>>> print(open('query_36.pdb').read())   # PDB, C-alpha atoms and all ligand atoms
ATOM      1  CA  MET D   7      16.406  41.125   5.414  1.00  0.00           C
ATOM      2  CA  PRO D   8      14.058  41.121   2.378  1.00  0.00           C
ATOM      3  CA  ALA D   9      10.450  40.110   2.868  1.00  0.00           C
ATOM      4  CA  ALA D  10       9.953  36.366   2.697  1.00  0.00           C
ATOM      5  CA  ALA D  11       7.831  34.661   0.061  1.00  0.00           C
ATOM      6  CA  PRO D  12       5.154  32.242   1.190  1.00  0.00           C
ATOM      7  CA  ALA D  13       6.464  28.708   1.625  1.00  0.00           C
ATOM      8  CA  GLN D  14       4.262  27.359  -1.164  1.00  0.00           C
ATOM      9  CA  SER D  15       6.021  29.533  -3.746  1.00  0.00           C
ATOM     10  CA  LEU D  16       8.609  26.796  -4.331  1.00  0.00           C
ATOM     11  CA  PRO D  17       7.415  24.788  -7.348  1.00  0.00           C
ATOM     12  CA  SER D  18       7.443  21.007  -7.027  1.00  0.00           C
ATOM     13  CA  SER D  19       9.937  20.569  -9.889  1.00  0.00           C
ATOM     14  CA  VAL D  20      12.469  22.524  -7.865  1.00  0.00           C
ATOM     15  CA  GLN D  21      11.601  21.013  -4.564  1.00  0.00           C
ATOM     16  CA  VAL D  22      13.807  17.931  -4.458  1.00  0.00           C
ATOM     17  CA  LYS D  23      17.030  19.621  -5.532  1.00  0.00           C
ATOM     18  CA  GLY D  24      16.302  22.832  -3.653  1.00  0.00           C
ATOM     19  CA  ASP D  25      15.259  21.007  -0.516  1.00  0.00           C
ATOM     20  CA  ARG D  26      18.526  19.103  -0.515  1.00  0.00           C
ATOM     21  CA  VAL D  27      20.519  22.344  -0.490  1.00  0.00           C
ATOM     22  CA  LEU D  28      18.395  23.821   2.296  1.00  0.00           C
ATOM     23  CA  ASN D  29      18.404  20.543   4.214  1.00  0.00           C
ATOM     24  CA  ARG D  30      22.166  20.485   4.208  1.00  0.00           C
ATOM     25  CA  SER D  31      22.982  24.135   4.632  1.00  0.00           C
ATOM     26  CA  MET D  32      20.530  24.573   7.491  1.00  0.00           C
ATOM     27  CA  VAL D  33      20.390  20.948   8.637  1.00  0.00           C
ATOM     28  CA  PHE D  34      16.627  20.800   8.419  1.00  0.00           C
ATOM     29  CA  THR D  35      15.609  17.240   8.904  1.00  0.00           C
ATOM     30  CA  SER D  36      12.178  17.296   7.311  1.00  0.00           C
ATOM     31  CA  ALA D  37      12.139  15.808   3.815  1.00  0.00           C
ATOM     32  CA  HIS D  38      10.252  18.792   2.383  1.00  0.00           C
ATOM     33  CA  VAL D  39      11.679  22.046   3.554  1.00  0.00           C
ATOM     34  CA  GLN D  40       8.685  24.088   2.461  1.00  0.00           C
ATOM     35  CA  GLU D  41       6.808  22.569   5.386  1.00  0.00           C
ATOM     36  CA  ASP D  42       9.462  23.906   7.703  1.00  0.00           C
ATOM     37  CA  THR D  43       8.581  27.492   8.549  1.00  0.00           C
ATOM     38  CA  GLY D  44      12.261  28.251   9.168  1.00  0.00           C
ATOM     39  CA  ALA D  45      12.972  28.001   5.444  1.00  0.00           C
ATOM     40  CA  ALA D  46      10.536  30.738   4.476  1.00  0.00           C
ATOM     41  CA  GLN D  47      12.735  33.532   5.800  1.00  0.00           C
ATOM     42  CA  PHE D  48      15.383  32.752   3.192  1.00  0.00           C
ATOM     43  CA  ARG D  49      13.014  32.966   0.241  1.00  0.00           C
ATOM     44  CA  PRO D  50      12.852  36.603  -0.936  1.00  0.00           C
ATOM     45  CA  LEU D  51       9.403  37.837  -1.864  1.00  0.00           C
ATOM     46  CA  SER D  52      10.676  40.130  -4.612  1.00  0.00           C
ATOM     47  CA  THR D  53      12.662  37.496  -6.538  1.00  0.00           C
ATOM     48  CA  PRO D  54      11.442  34.041  -5.551  1.00  0.00           C
ATOM     49  CA  GLY D  55      12.078  32.768  -9.080  1.00  0.00           C
ATOM     50  CA  ASN D  56      15.766  33.634  -8.922  1.00  0.00           C
ATOM     51  CA  PHE D  57      16.026  32.080  -5.496  1.00  0.00           C
ATOM     52  CA  ASN D  58      14.345  28.890  -6.653  1.00  0.00           C
ATOM     53  CA  GLN D  59      16.491  28.715  -9.776  1.00  0.00           C
ATOM     54  CA  ALA D  60      19.660  29.191  -7.741  1.00  0.00           C
ATOM     55  CA  LEU D  61      18.662  26.395  -5.391  1.00  0.00           C
ATOM     56  CA  MET D  62      17.850  24.115  -8.285  1.00  0.00           C
ATOM     57  CA  ASP D  63      21.186  24.859  -9.970  1.00  0.00           C
ATOM     58  CA  LEU D  64      23.098  24.232  -6.769  1.00  0.00           C
ATOM     59  CA  GLY D  65      21.206  21.004  -6.178  1.00  0.00           C
ATOM     60  CA  ALA D  66      21.840  19.840  -9.743  1.00  0.00           C
ATOM     61  CA  THR D  67      25.508  20.727 -10.107  1.00  0.00           C
ATOM     62  CA  ILE D  68      27.197  21.125  -6.710  1.00  0.00           C
ATOM     63  CA  CYS D  69      25.124  19.862  -3.811  1.00  0.00           C
ATOM     64  CA  LEU D  70      24.806  16.438  -5.411  1.00  0.00           C
ATOM     65  CA  PRO D  71      22.541  13.733  -4.045  1.00  0.00           C
ATOM     66  CA  ASN D  72      24.285  10.366  -4.183  1.00  0.00           C
ATOM     67  CA  SER D  73      27.949  11.266  -4.175  1.00  0.00           C
ATOM     68  CA  THR D  74      30.030  13.610  -2.083  1.00  0.00           C
ATOM     69  CA  PRO D  75      28.794  17.166  -2.702  1.00  0.00           C
ATOM     70  CA  LEU D  76      31.287  19.575  -4.244  1.00  0.00           C
ATOM     71  CA  CYS D  77      31.491  21.784  -1.170  1.00  0.00           C
ATOM     72  CA  ALA D  78      34.759  23.441  -2.212  1.00  0.00           C
ATOM     73  CA  GLU D  79      32.909  25.003  -5.150  1.00  0.00           C
ATOM     74  CA  CYS D  80      29.767  25.908  -3.249  1.00  0.00           C
ATOM     75  CA  PRO D  81      28.948  29.566  -2.527  1.00  0.00           C
ATOM     76  CA  LEU D  82      27.062  28.480   0.601  1.00  0.00           C
ATOM     77  CA  GLN D  83      30.067  26.706   2.070  1.00  0.00           C
ATOM     78  CA  CYS D  84      30.902  29.462   4.577  1.00  0.00           C
ATOM     79  CA  PHE D  85      27.590  29.146   6.386  1.00  0.00           C
ATOM     80  CA  CYS D  86      26.561  25.591   5.554  1.00  0.00           C
ATOM     81  CA  THR D  87      25.954  23.814   8.842  1.00  0.00           C
ATOM     82  CA  ALA D  88      26.153  20.289   7.445  1.00  0.00           C
ATOM     83  CA  HIS D  89      29.513  21.112   5.861  1.00  0.00           C
ATOM     84  CA  ALA D  90      30.813  22.677   9.070  1.00  0.00           C
ATOM     85  CA  ARG D  91      29.890  19.496  10.907  1.00  0.00           C
ATOM     86  CA  GLY D  92      31.296  17.263   8.191  1.00  0.00           C
ATOM     87  CA  GLU D  93      27.848  15.701   7.873  1.00  0.00           C
ATOM     88  CA  GLU D  94      26.948  16.679   4.317  1.00  0.00           C
ATOM     89  CA  THR D  95      25.677  13.263   3.289  1.00  0.00           C
ATOM     90  CA  ALA D  96      23.634  12.824   6.474  1.00  0.00           C
ATOM     91  CA  TYR D  97      21.053  15.253   5.044  1.00  0.00           C
ATOM     92  CA  PRO D  98      18.300  15.148   3.970  1.00  0.00           C
ATOM     93  CA  VAL D  99      17.371  12.602   6.588  1.00  0.00           C
ATOM     94  CA  VAL D 100      15.613   9.736   4.848  1.00  0.00           C
ATOM     95  CA  PRO D 101      12.843   8.330   7.027  1.00  0.00           C
ATOM     96  CA  GLU D 102      13.215   4.644   7.773  1.00  0.00           C
ATOM     97  CA  LYS D 103      10.918   2.430   5.761  1.00  0.00           C
ATOM     98  CA  LYS D 104       8.324   0.792   7.950  1.00  0.00           C
ATOM     99  CA  ALA D 105       8.408  -2.980   7.857  1.00  0.00           C
ATOM    100  CA  ARG D 106       5.318  -4.572   6.326  1.00  0.00           C
ATOM    101  CA  ARG D 107       2.809  -6.065   8.701  1.00  0.00           C
ATOM    102  CA  MET D 108       2.345  -9.818   8.267  1.00  0.00           C
ATOM    103  CA  GLU D 109      -1.229 -11.093   8.293  1.00  0.00           C
ATOM    104  CA  ALA D 110      -2.297 -14.720   8.258  1.00  0.00           C
ATOM    105  CA  ARG D 111      -5.634 -15.310   6.521  1.00  0.00           C
ATOM    106  CA  THR D 112      -7.785 -18.249   5.545  1.00  0.00           C
ATOM    107  CA  VAL D 113      -9.633 -17.935   2.240  1.00  0.00           C
ATOM    108  CA  PHE D 114     -12.721 -19.938   1.288  1.00  0.00           C
ATOM    109  CA  LEU D 115     -13.996 -21.049  -2.089  1.00  0.00           C
ATOM    110  CA  LEU D 116     -17.469 -21.739  -0.860  1.00  0.00           C
ATOM    111  CA  HIS D 117     -19.723 -23.178  -3.547  1.00  0.00           C
ATOM    112  CA  ASP D 118     -22.411 -25.615  -4.554  1.00  0.00           C
ATOM    113  CA  ALA D 119     -22.723 -27.190  -7.993  1.00  0.00           C
ATOM    114  CA  GLY D 120     -22.950 -23.921  -9.892  1.00  0.00           C
ATOM    115  CA  LYS D 121     -22.923 -20.987  -7.526  1.00  0.00           C
ATOM    116  CA  ILE D 122     -20.296 -19.455  -5.303  1.00  0.00           C
ATOM    117  CA  VAL D 123     -20.307 -17.137  -2.322  1.00  0.00           C
ATOM    118  CA  ILE D 124     -18.393 -13.886  -2.562  1.00  0.00           C
ATOM    119  CA  GLY D 125     -18.217 -10.947  -0.211  1.00  0.00           C
ATOM    120  CA  LYS D 126     -17.964  -7.196  -0.489  1.00  0.00           C
ATOM    121  CA  ARG D 127     -15.281  -5.492   1.533  1.00  0.00           C
ATOM    122  CA  PRO D 128     -15.994  -2.503   3.771  1.00  0.00           C
ATOM    123  CA  PRO D 129     -16.060   0.936   2.119  1.00  0.00           C
ATOM    124  CA  LYS D 130     -12.873   2.008   3.880  1.00  0.00           C
ATOM    125  CA  GLY D 131      -9.444   0.457   4.279  1.00  0.00           C
ATOM    126  CA  LEU D 132      -7.574  -2.182   2.330  1.00  0.00           C
ATOM    127  CA  LEU D 133      -9.277  -3.138  -0.981  1.00  0.00           C
ATOM    128  CA  ALA D 134     -12.177  -0.903  -0.007  1.00  0.00           C
ATOM    129  CA  SER D 135     -15.564  -1.870  -1.493  1.00  0.00           C
ATOM    130  CA  LEU D 136     -14.051  -4.568  -3.714  1.00  0.00           C
ATOM    131  CA  TYR D 137     -15.380  -8.099  -3.997  1.00  0.00           C
ATOM    132  CA  GLU D 138     -13.532 -10.965  -2.382  1.00  0.00           C
ATOM    133  CA  PHE D 139     -13.792 -14.600  -1.489  1.00  0.00           C
ATOM    134  CA  PRO D 140     -14.901 -15.061   2.102  1.00  0.00           C
ATOM    135  CA  ASN D 141     -11.845 -15.000   4.319  1.00  0.00           C
ATOM    136  CA  THR D 142     -10.943 -14.590   7.919  1.00  0.00           C
ATOM    137  CA  GLU D 143      -7.944 -13.827  10.089  1.00  0.00           C
ATOM    138  CA  GLY D 144      -5.541 -16.582  11.039  1.00  0.00           C
ATOM    139  CA  HIS D 145      -4.755 -19.977   9.588  1.00  0.00           C
ATOM    140  CA  LEU D 146      -7.693 -22.202  10.461  1.00  0.00           C
ATOM    141  CA  THR D 147      -7.408 -25.937  10.874  1.00  0.00           C
ATOM    142  CA  GLU D 148      -9.804 -28.033   8.818  1.00  0.00           C
ATOM    143  CA  LYS D 149     -12.060 -28.449  11.832  1.00  0.00           C
ATOM    144  CA  GLU D 150     -12.043 -24.697  12.514  1.00  0.00           C
ATOM    145  CA  ALA D 151     -12.705 -24.035   8.836  1.00  0.00           C
ATOM    146  CA  LEU D 152     -15.792 -26.249   8.896  1.00  0.00           C
ATOM    147  CA  GLN D 153     -17.014 -24.465  12.020  1.00  0.00           C
ATOM    148  CA  TYR D 154     -16.448 -21.114  10.336  1.00  0.00           C
ATOM    149  CA  VAL D 155     -18.458 -22.161   7.284  1.00  0.00           C
ATOM    150  CA  SER D 156     -21.276 -23.371   9.520  1.00  0.00           C
ATOM    151  CA  SER D 157     -21.185 -20.077  11.421  1.00  0.00           C
ATOM    152  CA  LEU D 158     -21.861 -18.298   8.126  1.00  0.00           C
ATOM    153  CA  GLY D 159     -25.027 -20.358   7.807  1.00  0.00           C
ATOM    154  CA  PHE D 160     -23.896 -22.930   5.237  1.00  0.00           C
ATOM    155  CA  MET D 161     -23.920 -26.714   5.438  1.00  0.00           C
ATOM    156  CA  PRO D 162     -20.506 -28.078   4.394  1.00  0.00           C
ATOM    157  CA  LEU D 163     -20.533 -31.352   2.452  1.00  0.00           C
ATOM    158  CA  HIS D 164     -16.897 -31.665   1.482  1.00  0.00           C
ATOM    159  CA  ILE D 165     -13.715 -29.760   2.261  1.00  0.00           C
ATOM    160  CA  ARG D 166     -10.396 -29.672   0.452  1.00  0.00           C
ATOM    161  CA  ARG D 167      -7.274 -27.875   1.585  1.00  0.00           C
ATOM    162  CA  LEU D 168      -5.765 -25.593  -1.079  1.00  0.00           C
ATOM    163  CA  ALA D 169      -2.163 -24.551  -1.575  1.00  0.00           C
ATOM    164  CA  PRO D 170      -0.952 -21.579   0.446  1.00  0.00           C
ATOM    165  CA  ALA D 171      -0.499 -18.248  -1.300  1.00  0.00           C
ATOM    166  CA  LYS D 172       1.034 -14.883  -0.548  1.00  0.00           C
ATOM    167  CA  HIS D 173       0.118 -11.381  -1.628  1.00  0.00           C
ATOM    168  CA  ILE D 174       2.209  -8.317  -0.914  1.00  0.00           C
ATOM    169  CA  PHE D 175       0.573  -4.922  -0.515  1.00  0.00           C
ATOM    170  CA  SER D 176       2.655  -1.803   0.070  1.00  0.00           C
ATOM    171  CA  HIS D 177       2.399  -2.058   3.853  1.00  0.00           C
ATOM    172  CA  ILE D 178       0.895  -5.493   4.517  1.00  0.00           C
ATOM    173  CA  GLU D 179       1.694  -9.050   3.497  1.00  0.00           C
ATOM    174  CA  TRP D 180      -1.100 -11.576   3.394  1.00  0.00           C
ATOM    175  CA  HIS D 181       0.029 -15.124   4.032  1.00  0.00           C
ATOM    176  CA  MET D 182      -2.975 -17.176   3.037  1.00  0.00           C
ATOM    177  CA  ILE D 183      -4.136 -20.716   3.261  1.00  0.00           C
ATOM    178  CA  GLY D 184      -7.340 -21.780   1.564  1.00  0.00           C
ATOM    179  CA  TYR D 185     -10.145 -24.303   1.600  1.00  0.00           C
ATOM    180  CA  GLU D 186     -12.513 -25.267  -1.135  1.00  0.00           C
ATOM    181  CA  VAL D 187     -15.763 -26.173   0.572  1.00  0.00           C
ATOM    182  CA  ARG D 188     -18.630 -27.774  -1.294  1.00  0.00           C
ATOM    183  CA  VAL D 189     -21.836 -26.936   0.501  1.00  0.00           C
ATOM    184  CA  ASP D 190     -25.436 -28.055   0.307  1.00  0.00           C
ATOM    185  CA  GLU D 191     -27.365 -26.407  -2.502  1.00  0.00           C
ATOM    186  CA  LEU D 192     -27.206 -22.678  -2.031  1.00  0.00           C
ATOM    187  CA  THR D 193     -30.455 -20.791  -2.066  1.00  0.00           C
ATOM    188  CA  PRO D 194     -30.673 -17.000  -2.265  1.00  0.00           C
ATOM    189  CA  PHE D 195     -30.055 -15.444   1.128  1.00  0.00           C
ATOM    190  CA  GLU D 196     -30.033 -12.055   2.770  1.00  0.00           C
ATOM    191  CA  SER D 197     -26.678 -10.778   3.951  1.00  0.00           C
ATOM    192  CA  ASP D 198     -25.174  -7.341   4.321  1.00  0.00           C
ATOM    193  CA  HIS D 199     -21.801  -8.424   2.967  1.00  0.00           C
ATOM    194  CA  LEU D 200     -22.084 -11.850   1.294  1.00  0.00           C
ATOM    195  CA  LEU D 201     -23.496 -12.484  -2.176  1.00  0.00           C
ATOM    196  CA  LEU D 202     -24.451 -15.653  -3.983  1.00  0.00           C
ATOM    197  CA  VAL D 203     -23.453 -15.539  -7.647  1.00  0.00           C
ATOM    198  CA  SER D 204     -23.260 -18.023 -10.485  1.00  0.00           C
ATOM    199  CA  MET D 205     -19.834 -19.019 -11.768  1.00  0.00           C
ATOM    200  CA  GLN D 206     -20.834 -17.327 -15.022  1.00  0.00           C
ATOM    201  CA  ALA D 207     -21.623 -14.074 -13.232  1.00  0.00           C
ATOM    202  CA  LEU D 208     -18.361 -14.298 -11.326  1.00  0.00           C
ATOM    203  CA  ALA D 209     -16.521 -14.517 -14.634  1.00  0.00           C
ATOM    204  CA  ASP D 210     -18.557 -11.802 -16.359  1.00  0.00           C
ATOM    205  CA  THR D 211     -19.502  -9.293 -13.709  1.00  0.00           C
ATOM    206  CA  TYR D 212     -17.563  -9.489 -10.480  1.00  0.00           C
ATOM    207  CA  SER D 213     -13.928  -8.535 -10.443  1.00  0.00           C
ATOM    208  CA  ILE D 214     -11.945 -10.191  -7.681  1.00  0.00           C
ATOM    209  CA  PRO D 215      -8.703  -8.384  -6.691  1.00  0.00           C
ATOM    210  CA  SER D 216      -5.386  -9.948  -7.614  1.00  0.00           C
ATOM    211  CA  ALA D 217      -4.701 -10.626  -3.930  1.00  0.00           C
ATOM    212  CA  PHE D 218      -6.993 -13.637  -4.412  1.00  0.00           C
ATOM    213  CA  SER D 219      -5.721 -14.674  -7.843  1.00  0.00           C
ATOM    214  CA  ALA D 220      -4.077 -17.873  -6.558  1.00  0.00           C
ATOM    215  CA  TYR D 221      -7.555 -19.055  -5.522  1.00  0.00           C
ATOM    216  CA  ARG D 222      -9.540 -17.392  -8.305  1.00  0.00           C
ATOM    217  CA  LYS D 223      -7.652 -19.376 -10.926  1.00  0.00           C
ATOM    218  CA  LEU D 224      -8.738 -22.653  -9.331  1.00  0.00           C
ATOM    219  CA  LEU D 225     -12.328 -21.973 -10.359  1.00  0.00           C
ATOM    220  CA  PRO D 226     -13.695 -22.728 -13.814  1.00  0.00           C
ATOM    221  CA  GLU D 227     -14.156 -19.533 -15.846  1.00  0.00           C
ATOM    222  CA  ASN D 228     -17.692 -20.439 -16.873  1.00  0.00           C
ATOM    223  CA  SER D 229     -19.568 -23.225 -15.266  1.00  0.00           C
ATOM    224  CA  SER D 230     -23.203 -23.961 -14.915  1.00  0.00           C
ATOM    225  CA  GLU D 231     -22.869 -27.627 -14.127  1.00  0.00           C
TER     226      GLU D 231
HETATM  227  S1  LIG S   1      28.500  23.399   1.333  1.00  0.00           S
HETATM  228 FE1  LIG S   1      28.307  21.350   0.524  1.00  0.00          FE
HETATM  229  S2  LIG S   1      26.612  20.424   1.659  1.00  0.00           S
HETATM  230 FE2  LIG S   1      26.532  22.629   2.006  1.00  0.00          FE
HETATM  231  S3  LIG S   1      25.051  23.349   0.491  1.00  0.00           S
HETATM  232 FE3  LIG S   1      27.114  23.547  -0.391  1.00  0.00          FE
HETATM  233  S4  LIG S   1      27.466  21.642  -1.514  1.00  0.00           S
HETATM  234 FE4  LIG S   1      25.706  21.314  -0.166  1.00  0.00          FE
END
>>> encode(input="query_36.pdb", output="structure tokens")
Amino acid sequence: MPAAAPAQSLPSSVQVKGDRVLNRSMVFTSAHVQEDTGAAQFRPLSTPGNFNQALMDLGATICLPNSTPLCAECPLQCFCTAHARGEETAYPVVPEKKARRMEARTVFLLHDAGKIVIGKRPPKGLLASLYEFPNTEGHLTEKEALQYVSSLGFMPLHIRRLAPAKHIFSHIEWHMIGYEVRVDELTPFESDHLLLVSMQALADTYSIPSAFSAYRKLLPENSSE
């Protein structure tokens, strides 16, 4: 058997079509065959380009992706395991898509006459380091919302329930409810994650992610009332 080329010698442009042929003929189940050490032995070191081209041609013209492959015309038919099993279209195995996680959140528009409280998200994870309106897990009742605002150190004067909103990330869905809470006049404060900004600064300087757009649009663009 000729010496095998390193697995990474298969260029990415070839990978999808070539992987399909190898997936089927050798019933590898991994989506990318180059990660499967078993595939390396079939890739000759002396002519990897020819090998790759042959795989690509087979994948493009005979071992077709979405219809029945043309096995009768395939030079690999005599030793193709998927064909022998009658399972050609079962490979490559497509991993099941994970269902999105549902998260209930309560969002706060927490403001006085001209200033609003925003937060900065943690440096890692969803919306890392971006600004946001204060929010917390779960759907809080009005009473719980007032308690939450007080726990942040603010004195609520008036609360108004806002319309629910939804935002879909690739792997998470936020199902949000919101409260606009007018608080006693805000004075500058020290916090490691909350900031007090004017409505003008919010419009000019701080970008709030689209996940909060349903609530962002309820605020005046520029207000110094
Ligand atoms: S025999 Fe059929 S399934 Fe197997 S590699 Fe050829 S075309 Fe693909």
>>> residues_near_ligand(input="query_36.pdb", ligand="ligand LIG 1 (chain S)", cutoff="12 Å", atoms="all atoms listed in the file", output="ChimeraX atom specification")
/D:23-34,60-98
>>> write_last_selection(input="query_36.pdb", atoms="C-alpha atoms", output="PDB file, in the frame of the given file")
ATOM      1  CA  LYS D  23      17.030  19.621  -5.532  1.00  0.00           C
ATOM      2  CA  GLY D  24      16.302  22.832  -3.653  1.00  0.00           C
ATOM      3  CA  ASP D  25      15.259  21.007  -0.516  1.00  0.00           C
ATOM      4  CA  ARG D  26      18.526  19.103  -0.515  1.00  0.00           C
ATOM      5  CA  VAL D  27      20.519  22.344  -0.490  1.00  0.00           C
ATOM      6  CA  LEU D  28      18.395  23.821   2.296  1.00  0.00           C
ATOM      7  CA  ASN D  29      18.404  20.543   4.214  1.00  0.00           C
ATOM      8  CA  ARG D  30      22.166  20.485   4.208  1.00  0.00           C
ATOM      9  CA  SER D  31      22.982  24.135   4.632  1.00  0.00           C
ATOM     10  CA  MET D  32      20.530  24.573   7.491  1.00  0.00           C
ATOM     11  CA  VAL D  33      20.390  20.948   8.637  1.00  0.00           C
ATOM     12  CA  PHE D  34      16.627  20.800   8.419  1.00  0.00           C
ATOM     13  CA  ALA D  60      19.660  29.191  -7.741  1.00  0.00           C
ATOM     14  CA  LEU D  61      18.662  26.395  -5.391  1.00  0.00           C
ATOM     15  CA  MET D  62      17.850  24.115  -8.285  1.00  0.00           C
ATOM     16  CA  ASP D  63      21.186  24.859  -9.970  1.00  0.00           C
ATOM     17  CA  LEU D  64      23.098  24.232  -6.769  1.00  0.00           C
ATOM     18  CA  GLY D  65      21.206  21.004  -6.178  1.00  0.00           C
ATOM     19  CA  ALA D  66      21.840  19.840  -9.743  1.00  0.00           C
ATOM     20  CA  THR D  67      25.508  20.727 -10.107  1.00  0.00           C
ATOM     21  CA  ILE D  68      27.197  21.125  -6.710  1.00  0.00           C
ATOM     22  CA  CYS D  69      25.124  19.862  -3.811  1.00  0.00           C
ATOM     23  CA  LEU D  70      24.806  16.438  -5.411  1.00  0.00           C
ATOM     24  CA  PRO D  71      22.541  13.733  -4.045  1.00  0.00           C
ATOM     25  CA  ASN D  72      24.285  10.366  -4.183  1.00  0.00           C
ATOM     26  CA  SER D  73      27.949  11.266  -4.175  1.00  0.00           C
ATOM     27  CA  THR D  74      30.030  13.610  -2.083  1.00  0.00           C
ATOM     28  CA  PRO D  75      28.794  17.166  -2.702  1.00  0.00           C
ATOM     29  CA  LEU D  76      31.287  19.575  -4.244  1.00  0.00           C
ATOM     30  CA  CYS D  77      31.491  21.784  -1.170  1.00  0.00           C
ATOM     31  CA  ALA D  78      34.759  23.441  -2.212  1.00  0.00           C
ATOM     32  CA  GLU D  79      32.909  25.003  -5.150  1.00  0.00           C
ATOM     33  CA  CYS D  80      29.767  25.908  -3.249  1.00  0.00           C
ATOM     34  CA  PRO D  81      28.948  29.566  -2.527  1.00  0.00           C
ATOM     35  CA  LEU D  82      27.062  28.480   0.601  1.00  0.00           C
ATOM     36  CA  GLN D  83      30.067  26.706   2.070  1.00  0.00           C
ATOM     37  CA  CYS D  84      30.902  29.462   4.577  1.00  0.00           C
ATOM     38  CA  PHE D  85      27.590  29.146   6.386  1.00  0.00           C
ATOM     39  CA  CYS D  86      26.561  25.591   5.554  1.00  0.00           C
ATOM     40  CA  THR D  87      25.954  23.814   8.842  1.00  0.00           C
ATOM     41  CA  ALA D  88      26.153  20.289   7.445  1.00  0.00           C
ATOM     42  CA  HIS D  89      29.513  21.112   5.861  1.00  0.00           C
ATOM     43  CA  ALA D  90      30.813  22.677   9.070  1.00  0.00           C
ATOM     44  CA  ARG D  91      29.890  19.496  10.907  1.00  0.00           C
ATOM     45  CA  GLY D  92      31.296  17.263   8.191  1.00  0.00           C
ATOM     46  CA  GLU D  93      27.848  15.701   7.873  1.00  0.00           C
ATOM     47  CA  GLU D  94      26.948  16.679   4.317  1.00  0.00           C
ATOM     48  CA  THR D  95      25.677  13.263   3.289  1.00  0.00           C
ATOM     49  CA  ALA D  96      23.634  12.824   6.474  1.00  0.00           C
ATOM     50  CA  TYR D  97      21.053  15.253   5.044  1.00  0.00           C
ATOM     51  CA  PRO D  98      18.300  15.148   3.970  1.00  0.00           C
TER      52      PRO D  98
END
>>> residues_around(input="query_36.pdb", residues="Ile122 of chain D", least_positions_apart="6", cutoff="6 Å", atoms="all atoms listed in the file", output="list in words")
Leu116, Leu202 and Val203 of chain D
>>> resolve_selection(input="query_36.pdb", expression="the PyMOL selection byres (((chain D and resi 158) around 12) and not hetatm)", output="list in words")
Phe114, Leu116, Val123, Gly125, Pro140, Asn141, Thr142, Ala151, Leu152, Gln153, Tyr154, Val155, Ser156, Ser157, Gly159, Phe160, Met161, Pro162, Val189, Phe195, Glu196, Ser197, His199, Leu200 and Leu201 of chain D
>>> closest_residue(input="query_36.pdb", among="D:Leu51, D:Val187, D:Leu115, D:Ala105", to="Leu224 of chain D", atoms="only C-alpha atoms")
D:Leu115
>>> residues_around(input="query_36.pdb", residues="Arg222 of chain D", least_positions_apart="3", cutoff="12 Å", atoms="all atoms listed in the file", output="list in words")
Val113, Phe114, Leu115, Leu116, Ile122, Ile124, Tyr137, Glu138, Phe139, Pro140, Leu168, Ala171, Gly184, Glu186, Met205, Leu208, Ala209, Tyr212, Ser213, Ile214, Pro215, Ser216, Ala217, Phe218, Ser219, Leu225, Pro226 and Glu227 of chain D
>>> residues_around(input="query_36.pdb", residues="Glu109 of chain D", least_positions_apart="5", cutoff="8 Å", atoms="only C-alpha atoms", output="MDAnalysis selection string")
chainID D and resid 143:144 178:181
>>> closest_residue(input="query_36.pdb", among="D:Leu146, D:Ala134, D:Ala110, D:Met182", to="Ala169 of chain D", atoms="all atoms listed in the file")
D:Met182
>>> axis_aligned_box(input="query_36.pdb", around="segment 194-204 of chain D", padding_each_side="3 Å", output="lines of an AutoDock Vina configuration file")
center_x = -26.2
center_y = -12.7
center_z = -3.1
size_x = 14.9
size_y = 16.7
size_z = 20.8
>>> atom_distance(input="query_36.pdb", atom1="atom CA of Lys172 of chain D", atom2="atom CA of Lys126 of chain D")
20.5 Å
>>> atom_distance(input="query_36.pdb", atom1="atom CA of Tyr185 of chain D", atom2="atom CA of Ile165 of chain D")
6.6 Å
>>> atom_distance(input="query_36.pdb", atom1="atom CA of Ala119 of chain D", atom2="atom CA of Glu191 of chain D")
7.2 Å
>>> decode(input="query_36.pdb", residues="segment 180-185 of chain D", atoms="N, CA, C and O atoms", output="PDB file, in the first residue's frame")
ATOM      1  N   TRP D 180     -35.079  33.889  23.858  1.00  0.00           N
ATOM      2  CA  TRP D 180     -35.477  34.697  25.008  1.00  0.00           C
ATOM      3  C   TRP D 180     -36.950  35.047  24.861  1.00  0.00           C
ATOM      4  O   TRP D 180     -37.357  35.647  23.849  1.00  0.00           O
ATOM      5  N   HIS D 181     -37.720  34.695  25.847  1.00  0.00           N
ATOM      6  CA  HIS D 181     -39.124  35.105  25.903  1.00  0.00           C
ATOM      7  C   HIS D 181     -39.213  36.132  27.025  1.00  0.00           C
ATOM      8  O   HIS D 181     -39.083  35.790  28.201  1.00  0.00           O
ATOM      9  N   MET D 182     -39.385  37.383  26.616  1.00  0.00           N
ATOM     10  CA  MET D 182     -39.230  38.488  27.567  1.00  0.00           C
ATOM     11  C   MET D 182     -40.559  39.155  27.903  1.00  0.00           C
ATOM     12  O   MET D 182     -41.445  39.262  27.055  1.00  0.00           O
ATOM     13  N   ILE D 183     -40.642  39.583  29.146  1.00  0.00           N
ATOM     14  CA  ILE D 183     -41.644  40.571  29.507  1.00  0.00           C
ATOM     15  C   ILE D 183     -40.857  41.787  29.984  1.00  0.00           C
ATOM     16  O   ILE D 183     -39.645  41.682  30.244  1.00  0.00           O
ATOM     17  N   GLY D 184     -41.509  42.931  30.079  1.00  0.00           N
ATOM     18  CA  GLY D 184     -40.759  44.117  30.464  1.00  0.00           C
ATOM     19  C   GLY D 184     -41.555  45.034  31.372  1.00  0.00           C
ATOM     20  O   GLY D 184     -42.796  44.970  31.424  1.00  0.00           O
ATOM     21  N   TYR D 185     -40.825  45.851  32.102  1.00  0.00           N
ATOM     22  CA  TYR D 185     -41.437  46.895  32.925  1.00  0.00           C
ATOM     23  C   TYR D 185     -40.680  48.192  32.700  1.00  0.00           C
ATOM     24  O   TYR D 185     -39.437  48.195  32.683  1.00  0.00           O
TER      25      TYR D 185
END
